[in-house]
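Visitor: Before anything else, here's the structure in question.
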Amino acid sequence: MSEPHVTLDPRGLDPVQRKLQGPLQDQLTSALQAATERVSAGYAGEPVEEVCRRLLDETRSGLHPDIAAGFTPDMDEFCRVAVAIVRRDAPQPN
């Protein structure tokens, strides 16, 4: 699985957020990557929906509360990361 990355659409950002877009993307990406590692390490056969929820919770817990409160990720993308975690740890056929 490649490292997940957060990219913010500048069209949805206010002027202050646009000025801080690079550092904000870096912080969100770092929190998502750390969450991916923690969720993957603790994966115990849960369904994708549960892994996706845990991934979001873990990502938000790694952010400043103000940033976490305003973070509305593309849940389809989060679930793609969750699917990759589940597939990576799924038993492989012989």
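Residue numbering restarts at 1 in every chain; chains get A, B, ... in the order shown in the structure tokens, and ligands count up from 1 in that same order.
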Would you mind listing what lies within 7 Å of region 34-42 of chain A as a VMD selection string, with only C-alpha atoms counted and same-chain residues fewer than 5 positions away left out?
Guide: chain A and resid 54 to 55 58 to 59 85
Visitor: Just N, CA, C and O atoms for this one: save the residues we selected as a PDB file, in the first residue's frame.
Guide:
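Result saved to out_3.pdb:
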ATOM      1  N   ARG A  54     -12.467   3.884  12.210  1.00  0.00           N
ATOM      2  CA  ARG A  54     -11.291   3.967  13.086  1.00  0.00           C
ATOM      3  C   ARG A  54     -10.216   4.855  12.470  1.00  0.00           C
ATOM      4  O   ARG A  54      -9.550   5.623  13.174  1.00  0.00           O
ATOM      5  N   LEU A  55     -10.046   4.735  11.178  1.00  0.00           N
ATOM      6  CA  LEU A  55      -9.056   5.546  10.474  1.00  0.00           C
ATOM      7  C   LEU A  55      -9.383   7.032  10.623  1.00  0.00           C
ATOM      8  O   LEU A  55      -8.499   7.848  10.920  1.00  0.00           O
ATOM      9  N   GLU A  58      -8.815   8.035  14.366  1.00  0.00           N
ATOM     10  CA  GLU A  58      -7.377   8.106  14.670  1.00  0.00           C
ATOM     11  C   GLU A  58      -6.736   9.320  14.001  1.00  0.00           C
ATOM     12  O   GLU A  58      -5.861   9.960  14.587  1.00  0.00           O
ATOM     13  N   THR A  59      -7.152   9.631  12.790  1.00  0.00           N
ATOM     14  CA  THR A  59      -6.600  10.801  12.101  1.00  0.00           C
ATOM     15  C   THR A  59      -6.967  12.064  12.864  1.00  0.00           C
ATOM     16  O   THR A  59      -6.106  12.906  13.138  1.00  0.00           O
ATOM     17  N   ILE A  85      -6.007  -1.661   3.787  1.00  0.00           N
ATOM     18  CA  ILE A  85      -5.594  -2.277   5.056  1.00  0.00           C
ATOM     19  C   ILE A  85      -6.199  -3.669   5.163  1.00  0.00           C
ATOM     20  O   ILE A  85      -5.509  -4.633   5.501  1.00  0.00           O
TER      21      ILE A  85
END
Visitor: Neighbours of His5 (chain A) within 10 Å (only C-alpha atoms; same-chain residues fewer than 5 positions away dropped), as a ChimeraX atom specification?
Guide: /A:25-26,28-33,77
Visitor: Go ahead and write the residues just picked, all heavy atoms, as an mmCIF file, in the first residue's frame.
Guide:
data_model
loop_
_atom_site.group_PDB
_atom_site.id
_atom_site.type_symbol
_atom_site.label_atom_id
_atom_site.label_comp_id
_atom_site.auth_asym_id
_atom_site.auth_seq_id
_atom_site.Cartn_x
_atom_site.Cartn_y
_atom_site.Cartn_z
ATOM 1 N N GLN A 25 -1.874 20.789 4.582
ATOM 2 C CA GLN A 25 -1.831 19.486 3.903
ATOM 3 C C GLN A 25 -0.793 18.576 4.531
ATOM 4 O O GLN A 25 -1.035 17.382 4.721
ATOM 5 C CB GLN A 25 -1.520 19.660 2.406
ATOM 6 C CG GLN A 25 -2.665 20.143 1.601
ATOM 7 C CD GLN A 25 -2.349 20.328 0.129
ATOM 8 O OE1 GLN A 25 -3.267 20.442 -0.631
ATOM 9 N NE2 GLN A 25 -1.107 20.361 -0.302
ATOM 10 N N ASP A 26 0.363 19.142 4.874
ATOM 11 C CA ASP A 26 1.414 18.347 5.508
ATOM 12 C C ASP A 26 0.949 17.782 6.848
ATOM 13 O O ASP A 26 1.182 16.615 7.155
ATOM 14 C CB ASP A 26 2.679 19.185 5.720
ATOM 15 C CG ASP A 26 3.391 19.552 4.434
ATOM 16 O OD1 ASP A 26 3.076 18.945 3.383
ATOM 17 O OD2 ASP A 26 4.251 20.448 4.471
ATOM 18 N N LEU A 28 -2.201 17.298 7.889
ATOM 19 C CA LEU A 28 -3.266 16.316 7.664
ATOM 20 C C LEU A 28 -2.695 15.004 7.134
ATOM 21 O O LEU A 28 -3.103 13.919 7.567
ATOM 22 C CB LEU A 28 -4.307 16.879 6.693
ATOM 23 C CG LEU A 28 -5.125 18.065 7.202
ATOM 24 C CD1 LEU A 28 -5.903 18.700 6.058
ATOM 25 C CD2 LEU A 28 -6.048 17.644 8.331
ATOM 26 N N THR A 29 -1.748 15.102 6.228
ATOM 27 C CA THR A 29 -1.120 13.900 5.677
ATOM 28 C C THR A 29 -0.377 13.135 6.759
ATOM 29 O O THR A 29 -0.484 11.908 6.858
ATOM 30 C CB THR A 29 -0.172 14.272 4.521
ATOM 31 O OG1 THR A 29 -0.960 14.815 3.451
ATOM 32 C CG2 THR A 29 0.602 13.065 4.015
ATOM 33 N N SER A 30 0.370 13.847 7.589
ATOM 34 C CA SER A 30 1.104 13.200 8.674
ATOM 35 C C SER A 30 0.154 12.483 9.626
ATOM 36 O O SER A 30 0.405 11.329 10.024
ATOM 37 C CB SER A 30 1.926 14.253 9.429
ATOM 38 O OG SER A 30 2.595 13.669 10.514
ATOM 39 N N ALA A 31 -0.950 13.134 9.986
ATOM 40 C CA ALA A 31 -1.932 12.519 10.889
ATOM 41 C C ALA A 31 -2.560 11.293 10.234
ATOM 42 O O ALA A 31 -2.754 10.258 10.890
ATOM 43 C CB ALA A 31 -3.001 13.530 11.275
ATOM 44 N N LEU A 32 -2.875 11.372 8.942
ATOM 45 C CA LEU A 32 -3.466 10.235 8.238
ATOM 46 C C LEU A 32 -2.484 9.071 8.145
ATOM 47 O O LEU A 32 -2.852 7.915 8.354
ATOM 48 C CB LEU A 32 -3.926 10.653 6.838
ATOM 49 C CG LEU A 32 -4.448 9.535 5.934
ATOM 50 C CD1 LEU A 32 -5.620 8.792 6.579
ATOM 51 C CD2 LEU A 32 -4.833 10.093 4.573
ATOM 52 N N GLN A 33 -1.233 9.354 7.847
ATOM 53 C CA GLN A 33 -0.240 8.283 7.747
ATOM 54 C C GLN A 33 -0.010 7.607 9.089
ATOM 55 O O GLN A 33 0.076 6.373 9.161
ATOM 56 C CB GLN A 33 1.064 8.830 7.169
ATOM 57 C CG GLN A 33 0.938 9.169 5.697
ATOM 58 C CD GLN A 33 2.167 9.846 5.114
ATOM 59 O OE1 GLN A 33 3.096 10.206 5.817
ATOM 60 N NE2 GLN A 33 2.156 10.032 3.803
ATOM 61 N N GLU A 77 -12.238 8.307 -0.252
ATOM 62 C CA GLU A 77 -10.787 8.130 -0.217
ATOM 63 C C GLU A 77 -10.358 7.439 1.076
ATOM 64 O O GLU A 77 -9.489 6.570 1.067
ATOM 65 C CB GLU A 77 -10.073 9.475 -0.376
ATOM 66 C CG GLU A 77 -10.243 10.097 -1.746
ATOM 67 C CD GLU A 77 -9.667 9.236 -2.860
ATOM 68 O OE1 GLU A 77 -8.616 8.594 -2.657
ATOM 69 O OE2 GLU A 77 -10.271 9.206 -3.945
#
Visitor: Apply DSSP to the backbone of this structure and, from chain A, keep only the residues in alpha helix (DSSP H); write these as a PyMOL selection string.
Guide: chain A and resi 15-19+21-41+48-61+65-70+75-89
Visitor: Hey, what's within 10 Å of Asp9 (chain A) if we count only C-alpha atoms and toss same-chain stuff fewer than 3 positions away? As a PyMOL selection string, please?
Guide: chain A and resi 6+12-13+18+21
Visitor: Counting only C-alpha atoms, which of A:Leu20, A:Arg80, A:Glu46, A:Asp57 gets nearest to Leu8 (chain A)?
Guide: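 Closest to Leu8 (chain A), using only C-alpha atoms: A:Leu20.
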Visitor: Using only C-alpha atoms, which residues sit within 9 Å of Leu56 (chain A) once same-chain residues fewer than 5 positions away are excluded, as a ChimeraX atom specification?
Guide: /A:32,35,51,61,73,75,78
Visitor: Have a look at CA of Tyr43 (chain A) and CA of Val81 (chain A) and let me know their distance in Å, one decimal.
Guide: 12.9 Å
Visitor: For each of A:Leu24, A:Val83, A:Cys52, A:Ala44, take the minimum atom-to-atom distance to Ala68 (chain A), counting only C-alpha atoms, then give the residue where this is smallest.
Guide: A:Leu24
